[in-house]
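**Student:** My structure is below; once you've seen it, I'll send some questions.
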Amino acid sequence: MTRAVLALRAPSANRVYTAAAGPLVLAEARWVLGAHLGPGVVVRERTVGGMHALEVRADETVDDERLDTLLGLLSSTYGLFEIAGDGLLRPLVASSPLRHPEDLETILKYPGKTNEQFTALLVNLAASLSTRRSGLLDGTLSLLDPMCGRGTTLNRAVRLGLSPIGADIDRKDVEAYRTFLTTWLRTHRYKHQISSASLTVRGEHLGTRTLAELAPDKAAQRAGLAQQVTVLGCDTARLGEVLADRSVDAIVADLPYGVQHGAHGGGGMQRSPLEVLRRAAGTWRSLLRDGGGIALAVNRHTLDHDAAREALAAAGLTVLTSDGAFRHRVDQSIDRDVLLAVPSNHPRLEQLAALDALQEETPT
Ligand SMILES: C[S@@+](CC[C@H](N)C(=O)[O-])C[C@H]1O[C@@H](n2cnc3c(N)ncnc32)[C@H](O)[C@@H]1O
């Protein structure tokens, strides 16, 4: 028997990239549901009572509860309904792994912040590529943002119950994130400890290491629900010297756009995001488990798809997405896309690669 579910799209999802919001969430849903649940799910866009929605039809191979939870986590889901036999909508309450208040993601505003809905999309996509993808729902997925800025990805991961790792070369960003997290944890009366120390490897000073441990209260702490956040203030290309090989399930990064500030590199400022990618890709591959996945947000104006694909291939990573698969215009200088990549020896490479072709399908 086929089950049909409707996921309403939040009106605010339209704020930044108006016309692209629909195709973007459709592509997200097809990748995430396809990767988690297999070919028994078909997704299409629909309008209901003037509201934008996704309609999802699932066959009997699909676990109802998992489908609802994943739909609830999609970056712009506003509400879920089961479509009954007579076409009437019955509200659905999906269980959600989100553990902490929403303002952890939304309250901080600054120039250069990656939009939080788009960040949720990147996290969902990277996690779905991992053979350990169910860890997104039970807090065990290990996630790294190797260019974390002021921590939008880290905050999303914390809300999901994960213990993420971030790195950024800009000391001001790392310090601003520490200040934000400290204030947030204090204001919300969380049990927490935050410490920072110099990050030194074989006598060489690479930057700083900040560790935060947090739990909403003592009971959560006692129940083993404490989480850690690690922020490394160093060059992303040096992370291989700090973190264990093959220890990460999902890498999420919003690459420097190469427009306003330029990208920082080892010996001073560089303007080319491609240069940063070439320097860092090998390190990212070595940190990623063979069954892991990467979601990279890129500016098509300053990072050509084929050049990025080649840089990743040289590091042993296969790009799964076609050029423009998640294309949307952010502003005049940013024409954004998402590249999904996995290690070239990923055990599900073929199944995942097939999901790119699925994007073209328009079910009736
Ligand atoms: C587009 S921003 C990411 C913004 C972040 N997602 C946020 O919401 O705050 C790109 C980040 O890459 C960082 N970056 C550039 N080159 C780097 C490098 N070599 N190592 C580590 N971080 C780097 C920049 O400092 C910047 O914070």
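Please note that chains go A, B, ... in the order of the structure tokens, that every chain numbers its residues from 1, and that ligands are numbered from 1 in the order shown.
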Would you kindly return, as a list in words, each protein, DNA or RNA residue with an atom no farther than 9 Å from any atom of segment 341-349 of chain A, considering only C-alpha atoms and excluding same-chain residues fewer than 4 positions away?
**Tutor:** Ala126, Leu129, Ser130, Thr131, Arg285, Leu288, Arg289, Asp290, Gly291, Gly292, Gly293, Ile294, Ala295, Leu296, Arg309, Leu312, Ala313, Ala315, Gly316, Leu317, Thr318, Val319, Leu320, Thr321, Ala353 and Ala354 of chain A
**Student:** Those same residues, written as a short mmCIF file (atom, residue, chain, number, x, y, z; two decimals), in the first residue's frame with N, CA, C and O atoms?
**Tutor:**
data_model
loop_
_atom_site.label_atom_id
_atom_site.label_comp_id
_atom_site.auth_asym_id
_atom_site.auth_seq_id
_atom_site.Cartn_x
_atom_site.Cartn_y
_atom_site.Cartn_z
N ALA A 126 24.93 16.06 3.69
CA ALA A 126 26.21 15.38 3.99
C ALA A 126 25.95 14.12 4.82
O ALA A 126 26.51 13.06 4.54
N LEU A 129 24.71 10.92 2.98
CA LEU A 129 25.67 10.18 2.16
C LEU A 129 26.45 9.15 2.97
O LEU A 129 27.08 8.26 2.40
N SER A 130 26.38 9.27 4.28
CA SER A 130 27.21 8.42 5.13
C SER A 130 26.57 7.05 5.34
O SER A 130 25.35 6.93 5.48
N THR A 131 27.41 6.01 5.40
CA THR A 131 26.88 4.68 5.74
C THR A 131 26.42 4.68 7.20
O THR A 131 25.69 3.78 7.61
N ARG A 285 39.80 14.37 2.90
CA ARG A 285 39.60 12.95 2.54
C ARG A 285 40.20 12.04 3.62
O ARG A 285 39.61 11.03 3.99
N LEU A 288 37.96 11.70 6.61
CA LEU A 288 36.65 11.12 6.36
C LEU A 288 36.72 9.59 6.35
O LEU A 288 37.65 9.00 5.80
N ARG A 289 35.73 8.94 6.97
CA ARG A 289 35.64 7.48 6.85
C ARG A 289 35.36 7.12 5.39
O ARG A 289 34.78 7.93 4.65
N ASP A 290 35.70 5.89 4.97
CA ASP A 290 35.47 5.50 3.57
C ASP A 290 33.99 5.61 3.22
O ASP A 290 33.63 5.88 2.07
N GLY A 291 33.12 5.40 4.22
CA GLY A 291 31.68 5.50 3.96
C GLY A 291 31.10 6.86 4.30
O GLY A 291 29.91 6.98 4.57
N GLY A 292 31.94 7.89 4.31
CA GLY A 292 31.48 9.23 4.71
C GLY A 292 31.02 10.08 3.53
O GLY A 292 31.06 9.64 2.37
N GLY A 293 30.56 11.29 3.83
CA GLY A 293 30.08 12.16 2.76
C GLY A 293 30.40 13.63 3.02
O GLY A 293 30.61 14.04 4.17
N ILE A 294 30.45 14.39 1.93
CA ILE A 294 30.79 15.82 2.02
C ILE A 294 29.73 16.64 1.29
O ILE A 294 29.31 16.29 0.18
N ALA A 295 29.29 17.74 1.91
CA ALA A 295 28.45 18.72 1.22
C ALA A 295 29.17 20.06 1.26
O ALA A 295 29.49 20.57 2.34
N LEU A 296 29.46 20.60 0.07
CA LEU A 296 30.19 21.86 -0.02
C LEU A 296 29.34 22.90 -0.72
O LEU A 296 28.85 22.68 -1.84
N ARG A 309 35.52 19.68 -9.19
CA ARG A 309 35.43 18.22 -9.34
C ARG A 309 36.83 17.61 -9.50
O ARG A 309 37.16 16.60 -8.89
N LEU A 312 38.78 17.71 -6.22
CA LEU A 312 38.31 16.68 -5.29
C LEU A 312 38.73 15.29 -5.76
O LEU A 312 39.14 14.45 -4.96
N ALA A 313 38.67 15.07 -7.08
CA ALA A 313 39.06 13.76 -7.63
C ALA A 313 40.54 13.49 -7.34
O ALA A 313 40.92 12.36 -6.99
N ALA A 315 42.06 14.20 -4.83
CA ALA A 315 42.19 13.83 -3.42
C ALA A 315 41.46 12.51 -3.11
O ALA A 315 41.34 12.12 -1.96
N GLY A 316 40.93 11.85 -4.16
CA GLY A 316 40.24 10.56 -3.93
C GLY A 316 38.78 10.73 -3.58
O GLY A 316 38.17 9.86 -2.96
N LEU A 317 38.19 11.86 -4.02
CA LEU A 317 36.77 12.11 -3.73
C LEU A 317 35.99 12.21 -5.04
O LEU A 317 36.44 12.88 -5.98
N THR A 318 34.84 11.55 -5.11
CA THR A 318 34.01 11.59 -6.32
C THR A 318 32.83 12.52 -6.10
O THR A 318 32.07 12.35 -5.14
N VAL A 319 32.68 13.49 -6.99
CA VAL A 319 31.52 14.40 -6.91
C VAL A 319 30.32 13.69 -7.53
O VAL A 319 30.40 13.16 -8.63
N LEU A 320 29.20 13.69 -6.80
CA LEU A 320 28.00 12.97 -7.24
C LEU A 320 27.02 13.86 -7.98
O LEU A 320 26.18 13.38 -8.74
N THR A 321 27.10 15.16 -7.73
CA THR A 321 26.09 16.08 -8.27
C THR A 321 26.53 16.72 -9.58
O THR A 321 27.69 17.05 -9.78
N ALA A 353 25.21 7.72 -6.57
CA ALA A 353 25.40 8.43 -7.84
C ALA A 353 24.10 8.42 -8.64
O ALA A 353 23.77 9.38 -9.36
N ALA A 354 23.31 7.35 -8.51
CA ALA A 354 22.04 7.24 -9.26
C ALA A 354 21.04 8.31 -8.82
O ALA A 354 20.13 8.64 -9.57
#
**Student:** Around ligand 1, which protein and nucleic acid residues have at least one atom no more than 7 Å from it, if we count only C-alpha atoms and all ligand atoms? List them as a ChimeraX atom specification.
**Tutor:** /A:112-115,146-153,167-170,173,234-237,253-257,263-266,276
**Student:** Measuring atom to atom with only C-alpha atoms, identify which of A:Gly139, A:Ser95, A:Ala27, A:Thr200 is nearest to Val338 of chain A.
**Tutor:**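 Between A:Gly139, A:Ser95, A:Ala27, A:Thr200, the residue approaching Val338 of chain A most closely is A:Ala27.
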**Student:** With only C-alpha atoms as the basis for distance, which of A:Gln351, A:Gln359, A:Ser333, A:Ser272 is at the shortest distance from Pro39 of chain A?
**Tutor:**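 When distances to Pro39 of chain A are compared using only C-alpha atoms, the smallest one comes from A:Gln351.
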**Student:** Give the answer as one residue: which of A:Ser142, A:Leu37, A:Ser75, A:Val62 has the shortest atom-to-atom distance to Gly22 of chain A, using only C-alpha atoms?
**Tutor:**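 With only C-alpha atoms as the atom set, the closest residue is A:Ser75.
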**Student:** As a ChimeraX atom specification, please: every residue in segment 114-346 of chain A that a backbone DSSP assignment puts in strand (DSSP E or B).
**Tutor:** /A:143-145,165-167,191-201,204-215,227-233,248-254,263-265,268-270,288-299,317-319,328-331,334-343
**Student:** Work out how far apart atom CA of Val298 of chain A and atom CA of Ala19 of chain A are and give it in Å to one decimal.
**Tutor:**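 It comes out at 19.0 Å.
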**Student:** Would you list, as JSON, numbers by chain, the residues of segment 119-279 of chain A that end up in helix (DSSP H, G or I) under DSSP run on this structure's backbone?
**Tutor:** {"A": [119, 120, 121, 122, 123, 124, 125, 126, 127, 128, 135, 136, 137, 138, 152, 153, 154, 155, 156, 157, 158, 159, 171, 172, 173, 174, 175, 176, 177, 178, 179, 180, 181, 182, 183, 184, 185, 186, 187, 218, 219, 220, 221, 222, 236, 237, 238, 239, 240, 241, 273, 274, 275, 276, 277, 278, 279]}
**Student:** Write out as a PyMOL selection string the residues lying within 12 Å of Asp68 of chain A, counting only C-alpha atoms and excluding same-chain residues fewer than 3 positions away.
**Tutor:** chain A and resi 3-7+29+33+37+56-58+62-65+71-74+77+79-82+91-97+137
**Student:** For atom CA of Pro273 of chain A and atom CA of Phe326 of chain A, quote the distance in Å rounded to one decimal.
**Tutor:**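 Going from atom CA of Pro273 of chain A over to atom CA of Phe326 of chain A, I get 18.5 Å.
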**Student:** For atom CA of Glu204 of chain A and atom CA of Ala176 of chain A, determine how far apart the two atoms are, in Å to one decimal place.
**Tutor:**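 Atom CA of Ala176 of chain A lies 24.4 Å from atom CA of Glu204 of chain A.
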**Student:** Set the distance at 6 Å and use only C-alpha atoms: which residues neighbour Ala226 of chain A once local chain neighbours fewer than 5 positions away are removed? I'd like the list as a PDB file with N, CA and C atoms, in the first residue's frame.
**Tutor:**
ATOM      1  N   LEU A 214      28.381  20.559  27.233  1.00  0.00           N
ATOM      2  CA  LEU A 214      27.105  21.176  27.604  1.00  0.00           C
ATOM      3  C   LEU A 214      25.995  20.141  27.770  1.00  0.00           C
ATOM      4  N   ALA A 215      25.074  20.474  28.647  1.00  0.00           N
ATOM      5  CA  ALA A 215      23.850  19.682  28.830  1.00  0.00           C
ATOM      6  C   ALA A 215      22.802  20.617  29.413  1.00  0.00           C
ATOM      7  N   GLN A 221      22.773  15.452  32.047  1.00  0.00           N
ATOM      8  CA  GLN A 221      24.179  15.079  32.215  1.00  0.00           C
ATOM      9  C   GLN A 221      24.275  13.631  32.717  1.00  0.00           C
TER      10      GLN A 221
END
**Student:** Write out as a list in words which residues come within 12 Å of His205 of chain A when counting only C-alpha atoms, dropping same-chain ones fewer than 4 positions away.
**Tutor:** Ala197, Ser198, Leu199, Thr200, Val201, Arg209, Gly233, Cys234, Asp235, Arg238, Glu241 and Val242 of chain A
**Student:** For Ser195 of chain A, please output as an mmCIF file with all heavy atoms, in the first residue's frame all residues within 8 Å (counting only C-alpha atoms; exclusion window: fewer than 3 positions along the same chain).
**Tutor:**
data_model
loop_
_atom_site.group_PDB
_atom_site.id
_atom_site.type_symbol
_atom_site.label_atom_id
_atom_site.label_comp_id
_atom_site.auth_asym_id
_atom_site.auth_seq_id
_atom_site.Cartn_x
_atom_site.Cartn_y
_atom_site.Cartn_z
ATOM 1 N N THR A 210 39.377 25.137 21.362
ATOM 2 C CA THR A 210 38.342 25.451 22.344
ATOM 3 C C THR A 210 37.442 24.228 22.497
ATOM 4 O O THR A 210 37.029 23.638 21.496
ATOM 5 C CB THR A 210 37.507 26.665 21.878
ATOM 6 O OG1 THR A 210 38.382 27.790 21.771
ATOM 7 C CG2 THR A 210 36.386 26.994 22.857
ATOM 8 N N LEU A 211 37.193 23.859 23.741
ATOM 9 C CA LEU A 211 36.337 22.708 24.007
ATOM 10 C C LEU A 211 35.176 23.149 24.859
ATOM 11 O O LEU A 211 35.376 23.815 25.879
ATOM 12 C CB LEU A 211 37.098 21.647 24.812
ATOM 13 C CG LEU A 211 38.153 20.837 24.090
ATOM 14 C CD1 LEU A 211 38.846 19.894 25.061
ATOM 15 C CD2 LEU A 211 37.520 20.060 22.951
ATOM 16 N N ALA A 212 33.968 22.792 24.451
ATOM 17 C CA ALA A 212 32.797 23.103 25.269
ATOM 18 C C ALA A 212 32.077 21.796 25.570
ATOM 19 O O ALA A 212 31.968 20.921 24.706
ATOM 20 C CB ALA A 212 31.866 24.044 24.508
#
**Student:** Skip Ile165 of chain A itself and residues of its chain fewer than 5 positions away, then list as a list in words all residues within 7 Å of it, counting only C-alpha atoms.
**Tutor:**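 My list of contacting residues is Leu143, Leu144, Asp145, Val229, Thr230 and Val231 of chain A.
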**Student:** Mind dumping the selected residues with all heavy atoms as an mmCIF file, in the first residue's frame?
**Tutor:**
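Output saved as selection-v9.cif:
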data_model
loop_
_atom_site.group_PDB
_atom_site.id
_atom_site.type_symbol
_atom_site.label_atom_id
_atom_site.label_comp_id
_atom_site.auth_asym_id
_atom_site.auth_seq_id
_atom_site.Cartn_x
_atom_site.Cartn_y
_atom_site.Cartn_z
ATOM 1 N N LEU A 143 30.535 14.889 12.890
ATOM 2 C CA LEU A 143 30.412 15.917 11.852
ATOM 3 C C LEU A 143 31.496 16.980 12.018
ATOM 4 O O LEU A 143 31.781 17.416 13.133
ATOM 5 C CB LEU A 143 29.024 16.552 11.964
ATOM 6 C CG LEU A 143 28.713 17.607 10.901
ATOM 7 C CD1 LEU A 143 27.292 17.402 10.373
ATOM 8 C CD2 LEU A 143 28.827 19.012 11.458
ATOM 9 N N LEU A 144 32.078 17.365 10.892
ATOM 10 C CA LEU A 144 33.134 18.384 10.884
ATOM 11 C C LEU A 144 32.767 19.502 9.920
ATOM 12 O O LEU A 144 32.392 19.233 8.778
ATOM 13 C CB LEU A 144 34.450 17.731 10.416
ATOM 14 C CG LEU A 144 35.604 18.675 10.038
ATOM 15 C CD1 LEU A 144 36.195 19.354 11.281
ATOM 16 C CD2 LEU A 144 36.711 17.909 9.306
ATOM 17 N N ASP A 145 32.864 20.751 10.382
ATOM 18 C CA ASP A 145 32.834 21.891 9.456
ATOM 19 C C ASP A 145 34.241 22.469 9.464
ATOM 20 O O ASP A 145 34.648 23.137 10.413
ATOM 21 C CB ASP A 145 31.811 22.942 9.897
ATOM 22 C CG ASP A 145 31.764 24.112 8.889
ATOM 23 O OD1 ASP A 145 32.705 24.235 8.080
ATOM 24 O OD2 ASP A 145 30.799 24.892 8.929
ATOM 25 N N VAL A 229 31.487 20.331 21.958
ATOM 26 C CA VAL A 229 31.766 21.083 20.725
ATOM 27 C C VAL A 229 33.260 21.398 20.754
ATOM 28 O O VAL A 229 33.761 21.887 21.771
ATOM 29 C CB VAL A 229 31.002 22.420 20.660
ATOM 30 C CG1 VAL A 229 31.211 23.089 19.308
ATOM 31 C CG2 VAL A 229 29.521 22.212 20.917
ATOM 32 N N THR A 230 33.937 21.095 19.664
ATOM 33 C CA THR A 230 35.370 21.382 19.582
ATOM 34 C C THR A 230 35.581 22.408 18.465
ATOM 35 O O THR A 230 35.091 22.204 17.349
ATOM 36 C CB THR A 230 36.159 20.098 19.215
ATOM 37 O OG1 THR A 230 35.787 19.080 20.134
ATOM 38 C CG2 THR A 230 37.656 20.331 19.256
ATOM 39 N N VAL A 231 36.270 23.490 18.768
ATOM 40 C CA VAL A 231 36.554 24.480 17.729
ATOM 41 C C VAL A 231 38.064 24.695 17.652
ATOM 42 O O VAL A 231 38.709 25.068 18.643
ATOM 43 C CB VAL A 231 35.854 25.826 18.009
ATOM 44 C CG1 VAL A 231 36.038 26.765 16.821
ATOM 45 C CG2 VAL A 231 34.368 25.621 18.266
#
